[in-house]
Each structure stands twice: as C-alpha cells, then as structure tokens.
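Trainee: Got a structure for you, protein.tsv, holding TSV, N, CA and C atoms.
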chain	number	residue	atom	x	y	z
Q	1207	MET	N	108.96	108.70	130.91
Q	1207	MET	CA	107.81	109.35	130.30
Q	1207	MET	C	106.56	109.03	131.11
Q	1208	ARG	N	105.84	110.06	131.42
Q	1208	ARG	CA	104.55	109.88	132.09
Q	1208	ARG	C	103.54	109.37	131.06
Q	1209	PRO	N	102.80	108.32	131.36
Q	1209	PRO	CA	101.86	107.75	130.37
Q	1209	PRO	C	100.55	108.53	130.27
Q	1210	THR	N	100.60	109.69	129.61
Q	1210	THR	CA	99.39	110.47	129.41
Q	1210	THR	C	98.56	109.83	128.30
Q	1211	ARG	N	97.31	110.25	128.17
Q	1211	ARG	CA	96.43	109.74	127.13
Q	1211	ARG	C	97.04	109.97	125.75
Q	1212	GLN	N	97.58	111.17	125.51
Q	1212	GLN	CA	98.16	111.48	124.21
Q	1212	GLN	C	99.39	110.62	123.93
Q	1213	ARG	N	100.27	110.49	124.91
Q	1213	ARG	CA	101.48	109.68	124.70
Q	1213	ARG	C	101.13	108.21	124.45
Q	1214	LEU	N	100.16	107.70	125.18
Q	1214	LEU	CA	99.75	106.30	124.97
Q	1214	LEU	C	99.19	106.11	123.55
Q	1215	ALA	N	98.44	107.10	123.06
Q	1215	ALA	CA	97.91	107.03	121.70
Q	1215	ALA	C	99.04	107.05	120.67
Q	1216	VAL	N	100.06	107.88	120.91
Q	1216	VAL	CA	101.21	107.95	120.01
Q	1216	VAL	C	101.93	106.60	119.98
Q	1217	VAL	N	102.23	106.05	121.14
Q	1217	VAL	CA	102.97	104.78	121.22
Q	1217	VAL	C	102.16	103.64	120.61
Q	1218	GLU	N	100.87	103.60	120.90
Q	1218	GLU	CA	100.02	102.54	120.36
Q	1218	GLU	C	100.00	102.59	118.83
Q	1219	ARG	N	99.83	103.76	118.27
Q	1219	ARG	CA	99.78	103.91	116.81
Q	1219	ARG	C	101.15	103.64	116.19
Q	1220	LEU	N	102.19	104.11	116.84
Q	1220	LEU	CA	103.55	103.96	116.33
Q	1220	LEU	C	103.93	102.50	116.18
Q	1221	PHE	N	103.58	101.67	117.16
Q	1221	PHE	CA	104.00	100.27	117.15
Q	1221	PHE	C	102.92	99.31	116.66
Q	1222	ALA	N	101.79	99.81	116.24
Q	1222	ALA	CA	100.68	98.95	115.80
Q	1222	ALA	C	101.01	98.17	114.53
Q	1223	ALA	N	101.84	98.72	113.67
Q	1223	ALA	CA	102.09	98.11	112.36
Q	1223	ALA	C	103.45	97.41	112.27
Q	1224	GLY	N	104.10	97.14	113.38
Q	1224	GLY	CA	105.42	96.49	113.33
Q	1224	GLY	C	106.48	97.47	112.88
Q	1225	GLY	N	107.54	96.95	112.23
Q	1225	GLY	CA	108.64	97.81	111.79
Q	1225	GLY	C	108.20	98.78	110.72
Q	1226	ARG	N	108.45	100.07	110.97
Q	1226	ARG	CA	108.05	101.09	110.00
Q	1226	ARG	C	108.80	102.38	110.22
Q	1227	HIS	N	108.70	103.27	109.24
Q	1227	HIS	CA	109.32	104.59	109.30
Q	1227	HIS	C	108.21	105.63	109.40
Q	1228	VAL	N	108.39	106.60	110.29
Q	1228	VAL	CA	107.38	107.65	110.44
Q	1228	VAL	C	108.05	109.00	110.63
Q	1229	SER	N	107.30	110.02	110.29
Q	1229	SER	CA	107.66	111.40	110.63
Q	1229	SER	C	106.60	111.87	111.62
Q	1230	ALA	N	106.90	112.93	112.34
Q	1230	ALA	CA	105.93	113.46	113.30
Q	1230	ALA	C	104.65	113.88	112.58
Q	1231	ILE	N	104.78	114.55	111.44
Q	1231	ILE	CA	103.60	115.01	110.71
Q	1231	ILE	C	102.79	113.82	110.20
Q	1232	GLY	N	103.47	112.80	109.67
Q	1232	GLY	CA	102.77	111.62	109.18
Q	1232	GLY	C	102.02	110.90	110.29
Q	1233	LEU	N	102.65	110.79	111.46
Q	1233	LEU	CA	102.00	110.16	112.60
Q	1233	LEU	C	100.82	110.99	113.08
Q	1234	HIS	N	100.98	112.30	113.07
Q	1234	HIS	CA	99.88	113.21	113.44
Q	1234	HIS	C	98.69	113.02	112.50
Q	1235	ASP	N	98.96	112.93	111.20
Q	1235	ASP	CA	97.90	112.71	110.22
Q	1235	ASP	C	97.20	111.37	110.44
Q	1236	GLU	N	97.97	110.31	110.71
Q	1236	GLU	CA	97.38	108.99	110.98
Q	1236	GLU	C	96.44	109.04	112.18
Q	1237	LEU	N	96.90	109.67	113.25
Q	1237	LEU	CA	96.08	109.76	114.45
Q	1237	LEU	C	94.82	110.56	114.19
Q	1238	ALA	N	94.94	111.65	113.45
Q	1238	ALA	CA	93.77	112.48	113.13
Q	1238	ALA	C	92.76	111.70	112.30
Q	1239	ARG	N	93.24	110.91	111.33
Q	1239	ARG	CA	92.33	110.11	110.49
Q	1239	ARG	C	91.57	109.07	111.30
Q	1240	GLN	N	92.18	108.57	112.36
Q	1240	GLN	CA	91.48	107.59	113.20
Q	1240	GLN	C	90.65	108.28	114.29
Q	1241	GLY	N	90.64	109.62	114.28
Q	1241	GLY	CA	89.80	110.37	115.21
Q	1241	GLY	C	90.44	110.63	116.56
Q	1242	THR	N	91.76	110.45	116.67
Q	1242	THR	CA	92.47	110.70	117.93
Q	1242	THR	C	93.15	112.05	117.85
Q	1243	ARG	N	92.82	112.92	118.78
Q	1243	ARG	CA	93.41	114.26	118.81
Q	1243	ARG	C	94.65	114.26	119.69
Q	1244	VAL	N	95.78	114.51	119.07
Q	1244	VAL	CA	97.06	114.60	119.78
Q	1244	VAL	C	97.80	115.80	119.21
Q	1245	SER	N	98.33	116.63	120.07
Q	1245	SER	CA	99.05	117.81	119.58
Q	1245	SER	C	100.34	117.40	118.89
Q	1246	LEU	N	100.71	118.15	117.87
Q	1246	LEU	CA	101.95	117.91	117.15
Q	1246	LEU	C	103.14	118.04	118.09
Q	1247	CYS	N	103.08	118.96	119.01
Q	1247	CYS	CA	104.14	119.14	120.01
Q	1247	CYS	C	104.33	117.86	120.83
Q	1248	CYS	N	103.25	117.23	121.23
Q	1248	CYS	CA	103.31	115.98	122.00
Q	1248	CYS	C	103.94	114.88	121.15
Q	1249	ILE	N	103.61	114.83	119.89
Q	1249	ILE	CA	104.18	113.80	119.01
Q	1249	ILE	C	105.68	114.01	118.86
Q	1250	TYR	N	106.10	115.25	118.58
Q	1250	TYR	CA	107.53	115.54	118.46
Q	1250	TYR	C	108.28	115.17	119.74
Q	1251	SER	N	107.77	115.57	120.87
Q	1251	SER	CA	108.47	115.29	122.13
Q	1251	SER	C	108.46	113.80	122.45
Q	1252	SER	N	107.38	113.11	122.13
Q	1252	SER	CA	107.31	111.66	122.37
Q	1252	SER	C	108.30	110.92	121.49
Q	1253	LEU	N	108.36	111.27	120.21
Q	1253	LEU	CA	109.31	110.63	119.30
Q	1253	LEU	C	110.75	110.89	119.74
Q	1254	ARG	N	111.04	112.12	120.12
Q	1254	ARG	CA	112.38	112.46	120.58
Q	1254	ARG	C	112.75	111.65	121.82
Q	1255	ARG	N	111.83	111.58	122.78
Q	1255	ARG	CA	112.09	110.85	124.03
Q	1255	ARG	C	112.22	109.34	123.78
Q	1256	LEU	N	111.35	108.76	122.95
Q	1256	LEU	CA	111.44	107.34	122.62
Q	1256	LEU	C	112.77	107.02	121.94
Q	1257	SER	N	113.27	107.95	121.14
Q	1257	SER	CA	114.57	107.79	120.50
Q	1257	SER	C	115.70	107.86	121.53
Q	1258	GLU	N	115.60	108.80	122.44
Q	1258	GLU	CA	116.63	108.96	123.48
Q	1258	GLU	C	116.76	107.71	124.36
Q	1259	ILE	N	115.64	107.04	124.63
Q	1259	ILE	CA	115.70	105.86	125.50
Q	1259	ILE	C	115.88	104.56	124.70
Q	1260	GLY	N	116.00	104.67	123.37
Q	1260	GLY	CA	116.36	103.52	122.56
Q	1260	GLY	C	115.22	102.64	122.08
Q	1261	LEU	N	113.98	103.11	122.17
Q	1261	LEU	CA	112.85	102.30	121.69
Q	1261	LEU	C	112.58	102.48	120.20
Q	1262	ILE	N	113.05	103.59	119.66
Q	1262	ILE	CA	112.99	103.83	118.21
Q	1262	ILE	C	114.33	104.46	117.82
Q	1263	HIS	N	114.58	104.54	116.52
Q	1263	HIS	CA	115.84	105.09	116.03
Q	1263	HIS	C	115.54	106.28	115.12
Q	1264	ARG	N	116.21	107.40	115.36
Q	1264	ARG	CA	116.08	108.55	114.47
Q	1264	ARG	C	116.96	108.31	113.26
Q	1265	VAL	N	116.39	108.41	112.06
Q	1265	VAL	CA	117.12	108.16	110.82
Q	1265	VAL	C	117.64	109.50	110.30
Q	1266	PRO	N	118.95	109.61	110.11
Q	1266	PRO	CA	119.53	110.88	109.67
Q	1266	PRO	C	119.36	111.12	108.17
Q	1267	VAL	N	118.25	111.74	107.81
Q	1267	VAL	CA	117.98	112.12	106.43
Q	1267	VAL	C	118.05	113.64	106.39
Q	1268	TYR	N	118.77	114.17	105.40
Q	1268	TYR	CA	118.90	115.62	105.30
Q	1268	TYR	C	117.59	116.24	104.85
Q	1269	GLY	N	117.33	117.45	105.29
Q	1269	GLY	CA	116.11	118.15	104.93
Q	1269	GLY	C	115.33	118.51	106.17
Q	1270	GLU	N	114.12	118.95	105.96
Q	1270	GLU	CA	113.30	119.43	107.05
Q	1270	GLU	C	112.67	118.32	107.88
Q	1271	THR	N	112.39	117.17	107.27
Q	1271	THR	CA	111.66	116.11	107.94
Q	1271	THR	C	112.59	115.21	108.73
Q	1272	ALA	N	112.24	114.94	109.98
Q	1272	ALA	CA	112.95	113.96	110.79
Q	1272	ALA	C	112.17	112.66	110.72
Q	1273	TYR	N	112.87	111.56	110.43
Q	1273	TYR	CA	112.24	110.25	110.36
Q	1273	TYR	C	112.65	109.40	111.54
Q	1274	PHE	N	111.73	108.55	111.97
Q	1274	PHE	CA	112.00	107.64	113.07
Q	1274	PHE	C	111.64	106.23	112.60
Q	1275	ASP	N	112.41	105.26	113.05
Q	1275	ASP	CA	112.27	103.88	112.63
Q	1275	ASP	C	111.99	103.03	113.86
Q	1276	THR	N	110.95	102.22	113.80
Q	1276	THR	CA	110.63	101.35	114.94
Q	1276	THR	C	111.50	100.09	114.93
Q	1277	ARG	N	112.18	99.84	113.83
Q	1277	ARG	CA	113.14	98.72	113.78
Q	1277	ARG	C	114.48	99.25	114.25
Q	1278	ILE	N	114.89	98.90	115.46
Q	1278	ILE	CA	116.07	99.53	116.07
Q	1278	ILE	C	117.38	98.80	115.80
Q	1279	SER	N	117.33	97.61	115.18
Q	1279	SER	CA	118.59	96.96	114.82
Q	1279	SER	C	119.27	97.83	113.76
Q	1280	HIS	N	120.60	97.81	113.74
Q	1280	HIS	CA	121.31	98.69	112.81
Q	1280	HIS	C	121.09	98.23	111.37
Q	1281	HIS	N	120.67	99.16	110.53
Q	1281	HIS	CA	120.47	98.90	109.10
Q	1281	HIS	C	120.49	100.23	108.37
Q	1282	HIS	N	120.60	100.15	107.05
Q	1282	HIS	CA	120.69	101.34	106.21
Q	1282	HIS	C	119.37	101.55	105.46
Q	1283	HIS	N	119.26	102.69	104.76
Q	1283	HIS	CA	118.00	103.05	104.12
Q	1283	HIS	C	118.18	103.60	102.71
Q	1284	PHE	N	117.17	103.35	101.90
Q	1284	PHE	CA	116.96	104.08	100.65
Q	1284	PHE	C	116.02	105.23	101.00
Q	1285	TYR	N	116.26	106.40	100.42
Q	1285	TYR	CA	115.34	107.53	100.58
Q	1285	TYR	C	114.79	107.88	99.21
Q	1286	VAL	N	113.46	107.76	99.04
Q	1286	VAL	CA	112.80	108.07	97.78
Q	1286	VAL	C	112.37	109.53	97.87
Q	1287	ALA	N	113.18	110.40	97.28
Q	1287	ALA	CA	113.03	111.85	97.47
Q	1287	ALA	C	111.66	112.37	97.04
Q	1288	HIS	N	111.19	112.02	95.85
Q	1288	HIS	CA	109.94	112.59	95.37
Q	1288	HIS	C	108.72	112.07	96.13
Q	1289	GLU	N	108.88	110.97	96.85
Q	1289	GLU	CA	107.79	110.43	97.68
Q	1289	GLU	C	107.99	110.74	99.16
Q	1290	ASP	N	109.18	111.28	99.50
Q	1290	ASP	CA	109.53	111.59	100.89
Q	1290	ASP	C	109.30	110.35	101.76
Q	1291	ARG	N	109.95	109.23	101.34
Q	1291	ARG	CA	109.71	107.93	101.96
Q	1291	ARG	C	111.01	107.16	102.12
Q	1292	LEU	N	111.10	106.37	103.19
Q	1292	LEU	CA	112.26	105.52	103.44
Q	1292	LEU	C	111.92	104.06	103.17
Q	1293	ILE	N	112.91	103.32	102.68
Q	1293	ILE	CA	112.81	101.88	102.47
Q	1293	ILE	C	114.06	101.27	103.08
Q	1294	ASP	N	113.92	100.16	103.81
Q	1294	ASP	CA	115.07	99.49	104.38
Q	1294	ASP	C	115.93	98.86	103.29
Q	1295	VAL	N	117.26	98.99	103.44
Q	1295	VAL	CA	118.20	98.28	102.59
Q	1295	VAL	C	118.35	96.88	103.20
Q	1296	PRO	N	118.32	95.83	102.38
Q	1296	PRO	CA	118.49	94.49	102.93
Q	1296	PRO	C	119.78	94.37	103.76
Q	1297	SER	N	119.68	93.73	104.90
Q	1297	SER	CA	120.83	93.57	105.80
Q	1297	SER	C	121.99	92.88	105.11
Q	1298	GLY	N	123.18	93.33	105.43
Q	1298	GLY	CA	124.40	92.70	104.92
Q	1298	GLY	C	124.78	93.05	103.50
Q	1299	THR	N	124.06	93.97	102.86
Q	1299	THR	CA	124.36	94.29	101.46
Q	1299	THR	C	125.33	95.46	101.31
Q	1300	ILE	N	125.57	96.20	102.37
Q	1300	ILE	CA	126.49	97.34	102.31
Q	1300	ILE	C	127.68	97.04	103.22
Q	1301	LYS	N	128.87	97.18	102.66
Q	1301	LYS	CA	130.11	97.01	103.41
Q	1301	LYS	C	130.81	98.36	103.45
Q	1302	VAL	N	131.08	98.88	104.63
Q	1302	VAL	CA	131.76	100.17	104.78
Q	1302	VAL	C	133.21	99.90	105.12
Q	1303	GLN	N	134.12	100.48	104.31
Q	1303	GLN	CA	135.55	100.29	104.52
Q	1303	GLN	C	136.24	101.64	104.61
Q	1304	GLY	N	137.41	101.64	105.21
Q	1304	GLY	CA	138.23	102.85	105.26
Q	1304	GLY	C	137.67	103.92	106.19
Q	1305	VAL	N	137.03	103.52	107.27
Q	1305	VAL	CA	136.45	104.49	108.20
Q	1305	VAL	C	137.59	105.12	109.01
Q	1306	PRO	N	137.67	106.44	109.02
Q	1306	PRO	CA	138.75	107.08	109.79
Q	1306	PRO	C	138.50	106.96	111.29
Q	1307	ALA	N	139.55	107.07	112.05
Q	1307	ALA	CA	139.42	107.07	113.51
Q	1307	ALA	C	138.68	108.33	113.94
Q	1308	ALA	N	137.91	108.20	114.99
Q	1308	ALA	CA	137.19	109.37	115.52
Q	1308	ALA	C	138.20	110.37	116.09
Q	1309	PRO	N	137.88	111.65	116.03
Q	1309	PRO	CA	138.77	112.65	116.64
Q	1309	PRO	C	138.96	112.37	118.13
Q	1310	GLU	N	140.06	112.83	118.65
Q	1310	GLU	CA	140.37	112.63	120.06
Q	1310	GLU	C	139.23	113.15	120.94
Q	1311	GLY	N	138.83	112.33	121.90
Q	1311	GLY	CA	137.75	112.73	122.81
Q	1311	GLY	C	136.38	112.27	122.35
Q	1312	TYR	N	136.31	111.59	121.20
Q	1312	TYR	CA	135.03	111.12	120.67
Q	1312	TYR	C	135.11	109.63	120.38
Q	1313	ASP	N	133.95	108.95	120.44
Q	1313	ASP	CA	133.83	107.55	120.05
Q	1313	ASP	C	132.85	107.46	118.90
Q	1314	LEU	N	133.20	106.67	117.89
Q	1314	LEU	CA	132.30	106.42	116.77
Q	1314	LEU	C	131.22	105.46	117.25
Q	1315	ILE	N	129.96	105.86	117.12
Q	1315	ILE	CA	128.87	105.02	117.63
Q	1315	ILE	C	128.05	104.38	116.51
Q	1316	SER	N	128.12	104.93	115.30
Q	1316	SER	CA	127.29	104.39	114.23
Q	1316	SER	C	127.71	104.96	112.89
Q	1317	ILE	N	127.48	104.20	111.85
Q	1317	ILE	CA	127.62	104.69	110.48
Q	1317	ILE	C	126.28	104.45	109.81
Q	1318	ASP	N	125.64	105.51	109.35
Q	1318	ASP	CA	124.33	105.41	108.73
Q	1318	ASP	C	124.46	105.77	107.26
Q	1319	VAL	N	124.06	104.85	106.40
Q	1319	VAL	CA	124.11	105.08	104.97
Q	1319	VAL	C	122.68	105.29	104.48
Q	1320	VAL	N	122.48	106.41	103.77
Q	1320	VAL	CA	121.18	106.69	103.15
Q	1320	VAL	C	121.43	106.84	101.65
Q	1321	LEU	N	120.82	105.97	100.88
Q	1321	LEU	CA	120.94	105.99	99.43
Q	1321	LEU	C	119.71	106.69	98.86
Q	1322	ARG	N	119.92	107.79	98.17
Q	1322	ARG	CA	118.81	108.57	97.64
Q	1322	ARG	C	118.39	108.04	96.27
Q	1323	LEU	N	117.08	107.88	96.09
Q	1323	LEU	CA	116.52	107.33	94.85
Q	1323	LEU	C	115.62	108.34	94.15
Q	1324	LYS	N	115.49	108.15	92.82
Q	1324	LYS	CA	114.52	108.87	92.01
Q	1324	LYS	C	114.01	107.89	90.98
Q	1325	PRO	N	112.82	108.12	90.44
Q	1325	PRO	CA	112.34	107.23	89.37
Q	1325	PRO	C	113.33	107.24	88.22
Q	1326	SER	N	113.51	106.12	87.56
Q	1326	SER	CA	114.51	105.98	86.50
Q	1326	SER	C	114.36	106.98	85.35
Q	1327	ARG	N	113.15	107.37	85.04
Q	1327	ARG	CA	112.94	108.28	83.91
Q	1327	ARG	C	112.84	109.74	84.31
Q	1328	GLN	N	112.98	110.05	85.57
Q	1328	GLN	CA	112.87	111.44	86.03
Q	1328	GLN	C	114.24	112.12	85.93
Q	1329	PRO	N	114.32	113.31	85.32
Q	1329	PRO	CA	115.61	113.99	85.22
Q	1329	PRO	C	116.07	114.46	86.60
Q	1330	MET	N	117.37	114.58	86.75
Q	1330	MET	CA	117.94	115.07	88.03
Q	1330	MET	C	117.56	116.53	88.21
Q	1331	PRO	N	117.27	116.94	89.44
Q	1331	PRO	CA	116.93	118.35	89.69
Q	1331	PRO	C	118.13	119.26	89.55
What would the structure in this file look like if it were written as structure tokens?
Mentor:
Amino acid sequence: MRPTRQRLAVVERLFAAGGRHVSAIGLHDELARQGTRVSLCCIYSSLRRLSEIGLIHRVPVYGETAYFDTRISHHHHFYVAHEDRLIDVPSGTIKVQGVPAAPEGYDLISIDVVLRLKPSRQPMP
C-alpha cells in the first residue's frame, strides 16, 4: 500500500483505540467527525487491503455491512442485531466439534462463530 494522506488517516484512526470492530461507514463517520476528509472508496479499499495482508480480520457477519476487527487473534463474536454491533466472545468458551473434512482440493483455514443477540424483552422478528 502506498502511504497516501487518506490511507495514513484511515490506519491512524483504525488503530488509535486498540482492539475494536469497525465498518467502512462507521470509520468514515468517525473521520468526518474529527474533520478528516477521506473518501468512502479509499476506506473500503484500505480495509480490504489491510485484511488481505493480515493486519486486520474481516468478520463474516451476514447482511450488507462488512465488519473488520483489529484484534487478529482467532476469536468468535456476538452480533447485536438491533444495534448493528459486534462484541468479542471470551476466549476458550466455545468448543467446536464434529467438523467435516474439507472437500477435495480445499483446506479448512478457519471456523468463525457469530452468535446473534437481541434484547431479552424484544420479540423475534
């Protein structure tokens, strides 16, 4: 990645708060609130590239929003649907058993568990 002004602003903001979960839109909003103008396209491409080189991890949550995690050690997540927010599951609390062998020609690289949450008193949609 070429260190352009926009990319440096994205990386600085992304890693300023330690381990966290972000979406491109959320990061764009944060940068705008601090007065830094960065195109949404630059943010998407920077997040994608940082994920490809292993500096952040893309969290597989279904839906329109792609989430990225600055904590790259393997761990699972709670997804709070009505808040559109991720929370880390404490390490070592989920045990995955009975994983099938990968199809011929493929290697299993990861198992990602996302537990979806709703407030206790909210009816299911």
Trainee: Between atom CA of Ala1215 of chain Q and atom CA of Ser1257 of chain Q, what is the spacing in Å?
Mentor: 16.7 Å
Trainee: Quick one, how far is atom CA of Phe1221 of chain Q from atom CA of Ser1297 of chain Q?
Mentor: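 Taking atom CA of Phe1221 of chain Q and atom CA of Ser1297 of chain Q, their separation equals 21.4 Å.
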Trainee: Between atom CA of His1281 of chain Q and atom C of Gly1224 of chain Q, what is the distance, to one decimal in Å?
Mentor: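 Atom-to-atom, atom CA of His1281 of chain Q and atom C of Gly1224 of chain Q are spaced 14.6 Å apart.
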Trainee: Considering only strand (DSSP E) as DSSP defines it on the backbone, what residues of segment 1268-1309 of chain Q qualify? List them as a VMD selection string.
Mentor: chain Q and resid 1273 to 1275 1283 to 1286 1291 to 1294
Trainee: Apply DSSP to the structure's backbone, then extract all residues of segment 1207-1302 of chain Q labelled alpha helix (DSSP H) and return them as a count of residues only.
Mentor: 34
Trainee: Between Q:Ile1259, Q:Met1207, Q:Ser1229, Q:Ser1326, which residue has the minimum interatomic distance to Ala1272 of chain Q, considering only N, CA and C atoms?
Mentor: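 Closest residue, counting only N, CA and C atoms: Q:Ser1229.
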Trainee: From the set Q:Val1228, Q:Leu1256, Q:Val1244, Q:Ala1223, which residue has the shortest atom-to-atom contact distance to Leu1292 of chain Q, counting only C-alpha atoms?
Mentor: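 Checking each candidate against Leu1292 of chain Q, we get Q:Val1228 as the closest.
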Trainee: Taking 3 positions as the minimum chain separation for residues in the same chain, which residues sit within 7 Å of Ala1287 of chain Q when counting only C-alpha atoms? Answer as a list of chain:residue names.
Mentor: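 My reading of the contact set: Q:Asp1290, Q:Arg1291, Q:Arg1322, Q:Leu1323, Q:Lys1324.
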Trainee: Nearest to Val1286 of chain Q among Q:Pro1325, Q:Glu1310, Q:Leu1214, Q:Cys1248, with distances taken over all atoms listed in the file: which residue is it?
Mentor: Q:Pro1325
Trainee: If I put a ball of radius 7 Å at (109.9, 96.0, 112.0) in the file's coordinates, which residues poke into it when counting only N, CA and C atoms, written as a list in words?
Mentor: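 Residues close enough to count: Ala1223, Gly1224, Gly1225, Arg1226, Thr1276, Arg1277 and Ile1278 of chain Q.
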